[in-house]
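Engineer: File name start.cif; file contents mmCIF, C-alpha atoms and all ligand atoms; full text below.
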```
data_input
loop_
_atom_site.label_atom_id
_atom_site.label_comp_id
_atom_site.auth_asym_id
_atom_site.auth_seq_id
_atom_site.Cartn_x
_atom_site.Cartn_y
_atom_site.Cartn_z
CA MET A 1 3.85 3.53 -46.07
CA GLU A 2 5.60 6.82 -46.80
CA GLN A 3 3.80 8.82 -49.50
CA SER A 4 6.34 10.26 -51.96
CA VAL A 5 6.08 13.94 -52.92
CA PRO A 6 4.39 14.23 -56.35
CA ILE A 7 6.62 15.25 -59.26
CA PRO A 8 5.65 18.73 -60.54
CA ILE A 9 5.30 18.66 -64.33
CA ILE A 10 4.19 20.80 -67.24
CA LEU A 11 2.79 18.70 -70.08
CA ASP A 12 3.48 20.27 -73.47
CA CYS A 13 1.47 18.38 -76.07
CA ASP A 14 -0.42 18.32 -79.40
CA PRO A 15 -3.49 16.23 -78.58
CA GLY A 16 -3.84 13.75 -80.39
CA HIS A 17 -5.22 10.38 -79.20
CA ASP A 18 -2.08 9.23 -77.39
CA ASP A 19 -1.44 12.72 -75.94
CA ALA A 20 -5.00 12.46 -74.59
CA VAL A 21 -4.17 9.28 -72.69
CA ALA A 22 -0.99 10.94 -71.40
CA ILE A 23 -3.07 13.84 -70.04
CA LEU A 24 -5.50 11.45 -68.32
CA LEU A 25 -2.61 9.51 -66.79
CA ALA A 26 -0.99 12.70 -65.48
CA VAL A 27 -4.29 13.90 -64.02
CA ALA A 28 -5.06 10.55 -62.39
CA SER A 29 -1.73 9.72 -60.79
CA PRO A 30 -1.12 10.88 -57.20
CA LYS A 31 2.58 10.72 -58.06
CA ILE A 32 2.23 13.58 -60.55
CA ASP A 33 1.42 17.22 -59.85
CA LEU A 34 0.17 18.54 -63.21
CA LEU A 35 0.82 22.29 -63.03
CA ALA A 36 -0.11 23.26 -66.59
CA VAL A 37 -0.89 21.90 -70.04
CA THR A 38 0.57 23.78 -72.98
CA THR A 39 -0.23 23.07 -76.59
CA CYS A 40 1.67 23.03 -79.85
CA PHE A 41 0.81 22.48 -83.52
CA GLY A 42 1.52 18.90 -84.55
CA ASN A 43 -1.14 16.24 -84.78
CA CYS A 44 -3.50 19.05 -85.79
CA SER A 45 -3.57 22.85 -85.95
CA ILE A 46 -2.83 24.82 -82.79
CA ASP A 47 -6.50 25.83 -82.51
CA ASP A 48 -7.63 22.20 -82.61
CA ALA A 49 -4.85 21.04 -80.25
CA THR A 50 -5.84 23.68 -77.69
CA ARG A 51 -9.53 22.88 -77.95
CA ASN A 52 -8.76 19.17 -77.63
CA ALA A 53 -6.67 19.74 -74.48
CA LEU A 54 -9.59 21.65 -72.93
CA ARG A 55 -12.05 18.92 -73.94
CA ILE A 56 -9.86 16.12 -72.52
CA LEU A 57 -9.50 17.91 -69.18
CA THR A 58 -13.24 18.62 -69.17
CA LEU A 59 -13.88 14.89 -69.74
CA ALA A 60 -11.60 14.19 -66.77
CA GLY A 61 -13.52 16.71 -64.62
CA VAL A 62 -10.44 18.90 -64.24
CA THR A 63 -11.03 22.57 -64.97
CA ASP A 64 -8.42 24.14 -62.72
CA VAL A 65 -5.27 23.14 -64.58
CA PRO A 66 -4.32 26.07 -66.85
CA VAL A 67 -4.13 25.36 -70.57
CA ALA A 68 -2.16 27.73 -72.79
CA ARG A 69 -1.99 27.94 -76.55
CA GLY A 70 1.49 27.59 -77.99
CA ALA A 71 3.25 27.63 -81.33
CA SER A 72 1.25 27.48 -84.54
CA ASP A 73 4.35 26.83 -86.66
CA PRO A 74 7.83 25.34 -86.33
CA LEU A 75 10.92 27.53 -85.84
CA VAL A 76 12.33 26.99 -89.34
CA ALA A 77 10.68 23.98 -90.98
CA SER A 78 7.54 24.23 -93.07
CA LEU A 79 4.38 23.24 -91.28
CA GLU A 80 3.30 19.60 -91.57
CA LEU A 81 0.45 18.20 -89.49
CA GLY A 82 -0.52 14.71 -88.35
CA ASN A 83 -4.21 14.81 -89.24
CA TYR A 84 -3.63 11.78 -91.46
CA VAL A 85 -3.27 9.79 -88.22
CA HIS A 86 -5.52 11.66 -85.77
CA GLY A 87 -8.34 12.79 -88.08
CA LYS A 88 -9.78 16.17 -88.99
CA SER A 89 -10.15 17.43 -85.39
CA GLY A 90 -6.90 15.85 -84.22
CA LEU A 91 -8.99 13.71 -81.86
CA ASP A 92 -11.53 12.02 -84.11
CA GLY A 93 -13.71 9.14 -82.91
CA PRO A 94 -16.02 9.49 -79.91
CA THR A 95 -18.18 12.52 -79.20
CA MET A 96 -16.35 14.68 -76.70
CA PRO A 97 -17.72 17.23 -74.21
CA GLU A 98 -17.39 20.88 -75.13
CA PRO A 99 -14.74 22.68 -73.06
CA GLU A 100 -16.07 23.89 -69.70
CA PHE A 101 -13.28 26.44 -69.29
CA LEU A 102 -11.22 28.84 -71.37
CA PRO A 103 -7.56 28.73 -72.27
CA SER A 104 -5.19 30.98 -70.33
CA LYS A 105 -4.69 34.53 -71.56
CA LEU A 106 -0.96 33.77 -71.47
CA SER A 107 0.81 32.09 -74.36
CA ALA A 108 2.39 28.69 -73.73
CA VAL A 109 5.84 30.28 -73.38
CA GLU A 110 4.52 32.88 -70.93
CA LEU A 111 2.67 30.27 -68.88
CA ILE A 112 5.71 27.97 -68.73
CA HIS A 113 7.84 30.97 -67.70
CA GLN A 114 5.42 32.04 -64.98
CA THR A 115 4.94 28.51 -63.67
CA LEU A 116 8.69 27.96 -63.46
CA MET A 117 9.18 31.28 -61.66
CA ASP A 118 6.36 30.59 -59.19
CA SER A 119 7.47 27.07 -58.33
CA PRO A 120 9.59 26.49 -55.23
CA ARG A 121 10.86 23.27 -56.86
CA PRO A 122 12.39 22.56 -60.27
CA ILE A 123 9.75 21.34 -62.73
CA THR A 124 9.91 18.41 -65.14
CA MET A 125 8.97 19.31 -68.72
CA VAL A 126 7.11 16.46 -70.41
CA VAL A 127 6.94 17.11 -74.15
CA THR A 128 4.77 14.88 -76.34
CA GLY A 129 4.60 17.04 -79.46
CA PRO A 130 7.14 19.08 -81.44
CA MET A 131 9.74 20.83 -79.21
CA THR A 132 8.87 24.35 -80.45
CA ASN A 133 7.44 25.91 -77.26
CA LEU A 134 10.35 24.83 -75.11
CA ALA A 135 12.88 26.00 -77.69
CA GLN A 136 11.15 29.39 -77.78
CA LEU A 137 11.35 29.55 -73.98
CA ALA A 138 15.07 28.66 -74.08
CA MET A 139 15.68 31.46 -76.59
CA SER A 140 13.55 34.12 -74.90
CA HIS A 141 14.17 33.26 -71.22
CA PRO A 142 17.47 31.35 -70.99
CA GLU A 143 17.62 32.03 -67.25
CA ASP A 144 14.48 29.88 -66.80
CA LEU A 145 16.31 26.70 -67.72
CA GLU A 146 17.81 26.27 -64.29
CA LYS A 147 14.27 25.85 -62.94
CA ILE A 148 13.73 22.82 -65.20
CA ALA A 149 14.57 19.50 -63.51
CA GLU A 150 14.70 17.60 -66.80
CA VAL A 151 13.06 17.27 -70.20
CA ILE A 152 11.47 13.93 -71.00
CA PHE A 153 10.11 13.84 -74.53
CA MET A 154 8.35 11.47 -76.88
CA GLY A 155 10.08 11.65 -80.21
CA GLY A 156 12.79 10.22 -82.41
CA SER A 157 13.92 6.64 -82.47
CA THR A 158 17.05 4.54 -82.23
CA GLU A 159 15.72 2.80 -85.33
CA ARG A 160 13.51 3.90 -88.20
CA GLY A 161 10.95 6.71 -88.46
CA ASN A 162 7.21 6.89 -89.07
CA HIS A 163 6.46 10.26 -90.70
CA THR A 164 9.31 9.59 -93.14
CA PRO A 165 11.27 6.35 -93.47
CA SER A 166 13.97 7.92 -91.24
CA ALA A 167 12.23 10.44 -89.03
CA GLU A 168 9.64 10.18 -86.29
CA PHE A 169 6.82 12.77 -86.54
CA ASN A 170 7.62 15.03 -83.54
CA THR A 171 11.32 15.34 -84.35
CA TYR A 172 10.60 15.82 -88.06
CA ALA A 173 8.01 18.52 -87.29
CA ASP A 174 10.59 20.82 -85.68
CA PRO A 175 14.14 19.44 -85.66
CA GLU A 176 15.77 22.84 -85.04
CA ALA A 177 13.73 23.17 -81.85
CA LEU A 178 14.87 19.78 -80.61
CA GLN A 179 18.51 20.60 -81.38
CA GLU A 180 18.14 23.87 -79.45
CA ILE A 181 17.05 21.90 -76.38
CA ILE A 182 19.79 19.29 -76.79
CA ASP A 183 22.35 22.13 -77.03
CA SER A 184 20.89 23.86 -73.96
CA GLY A 185 22.56 21.30 -71.73
CA LEU A 186 19.32 20.44 -69.91
CA PRO A 187 19.07 16.87 -68.65
CA ILE A 188 17.16 15.12 -71.43
CA ARG A 189 15.46 11.75 -71.77
CA MET A 190 14.20 10.50 -75.12
CA VAL A 191 11.28 8.10 -75.41
CA GLY A 192 11.39 7.18 -79.08
CA LEU A 193 9.52 4.86 -81.40
CA ASN A 194 11.88 1.98 -80.57
CA LEU A 195 10.33 2.11 -77.06
CA THR A 196 6.77 3.16 -77.81
CA HIS A 197 6.28 0.42 -80.40
CA GLN A 198 6.37 -1.90 -77.37
CA ALA A 199 3.31 -0.06 -75.94
CA LEU A 200 0.69 -1.55 -78.27
CA ALA A 201 -3.00 -1.23 -77.48
CA ILE A 202 -3.64 -4.90 -78.25
CA PRO A 203 -7.28 -6.11 -78.29
CA GLU A 204 -7.12 -7.20 -74.60
CA VAL A 205 -6.14 -3.64 -73.63
CA VAL A 206 -8.99 -2.10 -75.62
CA GLU A 207 -11.40 -4.65 -74.17
CA ARG A 208 -10.38 -3.66 -70.63
CA MET A 209 -11.16 -0.03 -71.54
CA THR A 210 -14.52 -0.95 -73.10
CA ASN A 211 -15.51 -2.96 -70.04
CA MET A 212 -14.98 -0.03 -67.69
CA ASP A 213 -18.24 1.23 -66.29
CA HIS A 214 -17.77 4.89 -67.14
CA ASP A 215 -17.42 7.36 -70.02
CA ILE A 216 -13.69 7.85 -69.61
CA GLY A 217 -12.89 4.16 -70.17
CA LYS A 218 -15.30 3.89 -73.10
CA THR A 219 -13.95 7.09 -74.66
CA CYS A 220 -10.40 5.73 -74.43
CA ALA A 221 -11.55 2.52 -76.14
CA GLU A 222 -13.09 4.55 -78.97
CA TRP A 223 -9.95 6.66 -79.29
CA MET A 224 -7.98 3.44 -79.67
CA GLY A 225 -10.47 2.32 -82.32
CA PHE A 226 -9.86 5.44 -84.45
CA PHE A 227 -6.11 5.51 -83.80
CA GLY A 228 -5.90 1.78 -84.53
CA SER A 229 -7.62 2.15 -87.88
CA SER A 230 -5.09 4.86 -88.87
CA TYR A 231 -2.20 2.63 -87.85
CA ARG A 232 -3.69 -0.25 -89.84
CA SER A 233 -4.16 1.79 -93.00
CA VAL A 234 -0.94 3.86 -92.91
CA TRP A 235 1.60 1.39 -91.43
CA SER A 236 -0.19 -2.02 -91.47
CA PHE A 237 0.04 -2.34 -87.68
CA ASP A 238 -2.37 -4.83 -86.07
CA SER A 239 -2.60 -2.63 -82.94
CA PRO A 240 -1.66 1.04 -82.41
CA PRO A 241 1.40 2.04 -80.38
CA VAL A 242 0.27 4.39 -77.61
CA HIS A 243 3.42 6.52 -77.57
CA ASP A 244 2.95 9.59 -75.40
CA PRO A 245 1.84 8.13 -72.03
CA CYS A 246 5.19 6.26 -71.88
CA THR A 247 6.80 9.56 -70.80
CA VAL A 248 4.41 10.10 -67.89
CA ALA A 249 4.51 6.39 -66.95
CA ALA A 250 8.31 6.58 -66.73
CA LEU A 251 7.98 9.29 -64.08
CA ILE A 252 5.31 7.43 -62.11
CA ASP A 253 7.13 4.10 -62.08
CA PRO A 254 10.82 4.37 -63.04
CA SER A 255 11.14 0.57 -63.06
CA LEU A 256 8.97 0.30 -66.21
CA ILE A 257 11.69 1.41 -68.62
CA GLU A 258 15.38 0.57 -69.10
CA TRP A 259 17.53 3.39 -70.45
CA THR A 260 20.92 3.77 -72.02
CA ARG A 261 23.11 6.87 -71.78
CA THR A 262 24.34 8.03 -75.17
CA PHE A 263 25.12 10.92 -77.48
CA LEU A 264 21.95 12.32 -79.09
CA ALA A 265 21.61 14.69 -82.05
CA VAL A 266 19.01 15.35 -84.71
CA GLU A 267 19.70 15.51 -88.43
CA LEU A 268 19.08 19.03 -89.79
CA GLU A 269 20.61 18.68 -93.25
CA GLY A 270 19.81 15.31 -94.80
CA LYS A 271 17.87 15.32 -98.03
CA TRP A 272 16.09 12.11 -97.03
CA THR A 273 16.89 11.97 -93.34
CA ARG A 274 16.00 15.42 -91.96
CA GLY A 275 14.45 15.09 -88.50
CA GLU A 276 16.00 11.69 -87.82
CA THR A 277 17.51 11.32 -84.35
CA VAL A 278 21.07 10.03 -84.16
CA THR A 279 21.75 7.91 -81.08
CA ASP A 280 25.28 6.63 -80.71
CA ILE A 281 24.58 3.57 -78.60
CA HIS A 282 27.90 1.89 -79.47
CA ASN A 283 29.85 5.14 -78.99
CA ARG A 284 31.25 5.09 -82.53
CA LEU A 285 31.53 8.91 -82.61
CA GLU A 286 33.19 9.13 -79.20
CA HIS A 287 31.17 12.24 -78.29
CA GLU A 288 30.29 13.00 -74.70
CA PRO A 289 26.91 11.33 -73.92
CA ASN A 290 24.20 13.97 -73.51
CA ALA A 291 20.93 12.04 -73.14
CA ASP A 292 19.26 8.98 -71.70
CA VAL A 293 17.41 7.00 -74.33
CA ALA A 294 14.61 4.56 -73.52
CA ILE A 295 15.26 1.02 -74.72
CA THR A 296 12.99 -1.56 -73.09
CA LEU A 297 9.43 -1.29 -71.76
CA ASP A 298 7.69 -3.69 -69.41
CA ALA A 299 4.51 -3.53 -71.51
CA GLU A 300 2.33 -5.61 -69.23
CA ARG A 301 2.99 -3.41 -66.20
CA TYR A 302 2.75 -0.28 -68.37
CA TRP A 303 -0.78 -1.19 -69.38
CA ASP A 304 -1.74 -2.13 -65.82
CA LEU A 305 -0.57 1.32 -64.70
CA VAL A 306 -2.35 3.21 -67.50
CA LEU A 307 -5.60 1.23 -67.23
CA GLU A 308 -5.77 1.45 -63.44
CA ALA A 309 -5.26 5.22 -63.69
CA ILE A 310 -8.01 5.62 -66.31
CA ASP A 311 -10.34 3.44 -64.24
CA SER A 312 -9.71 5.35 -61.02
CA LEU A 313 -10.38 8.64 -62.81
CA GLY A 314 -13.59 7.31 -64.37
CA LYS A 315 -14.86 5.86 -61.08
CA ALA A 316 -14.25 9.16 -59.31
CA ARG A 317 -16.37 10.90 -61.98
CA VAL A 318 -19.49 8.63 -61.85
C1 LIG B 401 4.08 10.97 -82.10
O1 LIG B 401 3.43 11.72 -83.13
C2 LIG B 401 2.05 11.82 -82.86
O2 LIG B 401 1.32 11.18 -83.85
C3 LIG B 401 1.80 11.16 -81.54
O3 LIG B 401 0.94 11.97 -80.75
C4 LIG B 401 3.16 11.01 -80.92
O4 LIG B 401 3.48 12.10 -80.08
C5 LIG B 401 4.42 9.59 -82.62
O5 LIG B 401 5.27 9.67 -83.70
CA CA B 402 1.84 13.77 -79.46
#
```
Take the structure I supplied and represent it as structure tokens, if you would.
Structural biologist:
Amino acid sequence: MEQSVPIPIILDCDPGHDDAVAILLAVASPKIDLLAVTTCFGNCSIDDATRNALRILTLAGVTDVPVARGASDPLVASLELGNYVHGKSGLDGPTMPEPEFLPSKLSAVELIHQTLMDSPRPITMVVTGPMTNLAQLAMSHPEDLEKIAEVIFMGGSTERGNHTPSAEFNTYADPEALQEIIDSGLPIRMVGLNLTHQALAIPEVVERMTNMDHDIGKTCAEWMGFFGSSYRSVWSFDSPPVHDPCTVAALIDPSLIEWTRTFLAVELEGKWTRGETVTDIHNRLEHEPNADVAITLDAERYWDLVLEAIDSLGKARV
């Protein structure tokens, strides 16, 4: 069978338990060429997010993917962090290995710039934290945008929020940055809460992780344990939605998600609704559509994909 050429990506993230699974999925899949990991404030401080990215890659046995430290603060908004979900370190739960390599000397923006310039092919930007780094790149190096194939991001929702009643955490954390990227005209795909709440780590999923015969599977199970307890106490969920890997999974197997093309904006003014994404699925505003928005997930096949990837990575490590 013909082997397809892997999709070159940069994963810009704020790890975070679900970002961690997204990193493992990107590392494990032969369909993805992970060129760099860049970090942003979000689930925790930028220092913790960067250290967590290094620890996750160390756990995966990958020390040759560059990791660069990104924004410590949003463009305009005041800083709010997600430690109330992800714990003090941003990745609380199991004991993790100490990083076996150092972050890049370049900042996230510099590393994204250099990677785009060096690549013979356009690169997909996968963003699973606030959009700050990419917005800073768009402002400082606008000519780089033509080297970006598309932006696929976890954030927003066609429905309600989580950080506030209206706004999802990533889009609330830096709405001006998201609007900058929407206005840039880049092809953009939104994977919001309406989709990721279909990606629940139900007990059978966690059990499959626990039963894996290696540290990576067991670590994932423990991450789900911590993340699940936050979701139970903050939002009364029975099982946690594992948001961020949905972006990477969509690239690996496009048949997992159904999308709708629509107008997308983010609320920058609302007293109660700042950071809320506006998706005009019924075209009431009659604006030109500017984004594809994820609607339906095949959850069973999503979990098969994620779990098989984690298992293959773990087996290669033992
Ligand atoms: C998003 O916010 C963070 O808690 C998760 O990592 C995810 O990216 C969900 O709202
Ligand atoms: Ca995240």
Engineer: To test the calculation: enclose all listed atoms of ligand LIG 401 (chain B) in a box whose edges run along x, y and z, add 8 Å on each side, then state centre and edge lengths in Å to one decimal, as JSON.
Structural biologist:
```
{"center_x": 3.1, "center_y": 10.8, "center_z": -82.0, "size_x": 20.3, "size_y": 18.5, "size_z": 19.8}
```
Engineer: Would you please work out which residue, of A:Val126, A:Ala108, A:Ala316, A:Ile202, is nearest to ligand CA 402 (chain B) when using only C-alpha atoms and all ligand atoms?
Structural biologist: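 Among the listed residues, A:Val126 lies closest to ligand CA 402 (chain B).
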Engineer: When you count only C-alpha atoms, which of these residues is closest to A:Glu80: A:Thr164, A:Gln136, A:Ser104, A:Thr50?
Structural biologist: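 Answer, going by the shortest atom-to-atom distance: A:Thr164.
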Engineer: Quick one: residues within 7 Å of ligand CA 402 (chain B), with all atoms listed in the file, as a PDB file with C-alpha atoms, in the coordinates of the input?
Structural biologist:
```pdb
ATOM      1  CA  CYS A  13       1.470  18.380 -76.070  1.00  0.00           C
ATOM      2  CA  ASP A  14      -0.420  18.320 -79.400  1.00  0.00           C
ATOM      3  CA  PRO A  15      -3.490  16.230 -78.580  1.00  0.00           C
ATOM      4  CA  GLY A  16      -3.840  13.750 -80.390  1.00  0.00           C
ATOM      5  CA  ASP A  18      -2.080   9.230 -77.390  1.00  0.00           C
ATOM      6  CA  ASP A  19      -1.440  12.720 -75.940  1.00  0.00           C
ATOM      7  CA  ASN A  43      -1.140  16.240 -84.780  1.00  0.00           C
ATOM      8  CA  THR A 128       4.770  14.880 -76.340  1.00  0.00           C
ATOM      9  CA  GLY A 129       4.600  17.040 -79.460  1.00  0.00           C
ATOM     10  CA  ASP A 244       2.950   9.590 -75.400  1.00  0.00           C
TER      11      ASP A 244
END
```
Engineer: Which residue is closest to A:Val205? Choose from A:Leu91, A:Val278, A:Ala299, A:Val191 and count only C-alpha atoms.
Structural biologist: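 Answer, going by the shortest atom-to-atom distance: A:Ala299.
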Engineer: Could you check which of A:Val67, A:Val206, A:Ala53, A:Val76 is closest to A:Gly90, using all atoms listed in the file?
Structural biologist: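 Smallest distance to A:Gly90 is found for A:Ala53.
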Engineer: Name the closest residue to A:Leu186 among the candidates A:Ile295, A:Trp223, A:His243, A:Ala135; distances are taken between atoms, counting all atoms listed in the file.
Structural biologist: A:Ala135
Engineer: Show me which residues line ligand LIG 401 (chain B), defined as having an atom within 10 Å of a ligand atom where only C-alpha atoms and all ligand atoms count, and present them as a PyMOL selection string.
Structural biologist: chain A and resi 13-22+42-44+81-86+90+127-130+153-157+161-163+167-173+191-193+196-197+227+241-245
Engineer: For A:Thr219, which of A:Thr158, A:Ser312, A:Thr95, A:Ser140 is the closest residue, counting all atoms listed in the file?
Structural biologist: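 Of the candidates, the smallest distance to A:Thr219 is held by A:Thr95.
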Engineer: Suppose you want the space between atom CA of A:Pro103 and atom CA of A:Ala68; what is it in Å?
Structural biologist: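 Atom CA of A:Ala68 lies 5.5 Å from atom CA of A:Pro103.
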Engineer: So that I can see what lies close to A:Leu57, please list as a PyMOL selection string the residues with an atom at most 10 Å from it, counting all atoms listed in the file and leaving out residues fewer than 2 positions away in the same chain.
Structural biologist: chain A and resi 20+23-24+27+37+52-55+59-67+97+99-101
Engineer: What is the distance, in Å and to one decimal place, between atom CA of A:Ile46 and atom CA of A:Arg69?
Structural biologist: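 Between atom CA of A:Ile46 and atom CA of A:Arg69 the gap works out to 7.0 Å.
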Engineer: Residues within 7 Å of A:Trp259, please, as a VMD selection string. Count all atoms listed in the file; anything in the same chain fewer than 2 positions from it doesn't count.
Structural biologist: chain A and resid 257 261 292 to 295
Engineer: Would you mind completing stretch 13-29 of chain A so that it carries N, CA, C and O atoms, and writing it out as a short mmCIF file (atom, residue, chain, number, x, y, z; two decimals), in the coordinates of the input?
Structural biologist:
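What landed in selection.cif:
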```cif
data_model
loop_
_atom_site.label_atom_id
_atom_site.label_comp_id
_atom_site.auth_asym_id
_atom_site.auth_seq_id
_atom_site.Cartn_x
_atom_site.Cartn_y
_atom_site.Cartn_z
N CYS A 13 1.98 19.47 -75.24
CA CYS A 13 1.47 18.38 -76.07
C CYS A 13 0.70 18.90 -77.30
O CYS A 13 0.47 20.10 -77.43
N ASP A 14 0.31 17.96 -78.17
CA ASP A 14 -0.42 18.32 -79.40
C ASP A 14 -1.60 17.35 -79.59
O ASP A 14 -1.67 16.66 -80.58
N PRO A 15 -2.51 17.31 -78.60
CA PRO A 15 -3.49 16.23 -78.58
C PRO A 15 -4.43 16.19 -79.78
O PRO A 15 -5.06 17.18 -80.10
N GLY A 16 -4.51 15.05 -80.40
CA GLY A 16 -3.84 13.75 -80.39
C GLY A 16 -4.37 12.68 -79.41
O GLY A 16 -4.54 12.95 -78.25
N HIS A 17 -4.66 11.46 -79.99
CA HIS A 17 -5.22 10.38 -79.20
C HIS A 17 -4.27 9.90 -78.10
O HIS A 17 -4.71 9.62 -76.98
N ASP A 18 -2.99 9.75 -78.42
CA ASP A 18 -2.08 9.23 -77.39
C ASP A 18 -1.69 10.33 -76.41
O ASP A 18 -1.52 10.07 -75.21
N ASP A 19 -1.62 11.59 -76.88
CA ASP A 19 -1.44 12.72 -75.94
C ASP A 19 -2.61 12.73 -74.95
O ASP A 19 -2.43 13.05 -73.77
N ALA A 20 -3.81 12.43 -75.45
CA ALA A 20 -5.00 12.46 -74.59
C ALA A 20 -4.85 11.47 -73.44
O ALA A 20 -5.15 11.79 -72.28
N VAL A 21 -4.36 10.28 -73.76
CA VAL A 21 -4.17 9.28 -72.69
C VAL A 21 -3.08 9.74 -71.73
O VAL A 21 -3.17 9.54 -70.52
N ALA A 22 -2.06 10.41 -72.27
CA ALA A 22 -0.99 10.94 -71.40
C ALA A 22 -1.55 11.98 -70.43
O ALA A 22 -1.19 12.01 -69.25
N ILE A 23 -2.45 12.84 -70.92
CA ILE A 23 -3.07 13.84 -70.04
C ILE A 23 -3.88 13.15 -68.94
O ILE A 23 -3.77 13.48 -67.76
N LEU A 24 -4.68 12.15 -69.33
CA LEU A 24 -5.50 11.45 -68.32
C LEU A 24 -4.61 10.78 -67.28
O LEU A 24 -4.90 10.81 -66.07
N LEU A 25 -3.52 10.18 -67.73
CA LEU A 25 -2.61 9.51 -66.79
C LEU A 25 -2.00 10.52 -65.82
O LEU A 25 -1.91 10.26 -64.61
N ALA A 26 -1.60 11.67 -66.34
CA ALA A 26 -0.99 12.70 -65.48
C ALA A 26 -2.00 13.23 -64.46
O ALA A 26 -1.67 13.46 -63.30
N VAL A 27 -3.24 13.40 -64.91
CA VAL A 27 -4.29 13.90 -64.02
C VAL A 27 -4.59 12.87 -62.93
O VAL A 27 -4.80 13.21 -61.76
N ALA A 28 -4.60 11.59 -63.32
CA ALA A 28 -5.06 10.55 -62.39
C ALA A 28 -4.03 10.16 -61.35
O ALA A 28 -4.40 9.74 -60.26
N SER A 29 -2.74 10.29 -61.68
CA SER A 29 -1.73 9.72 -60.79
C SER A 29 -1.43 10.63 -59.60
O SER A 29 -1.06 11.79 -59.77
#
```
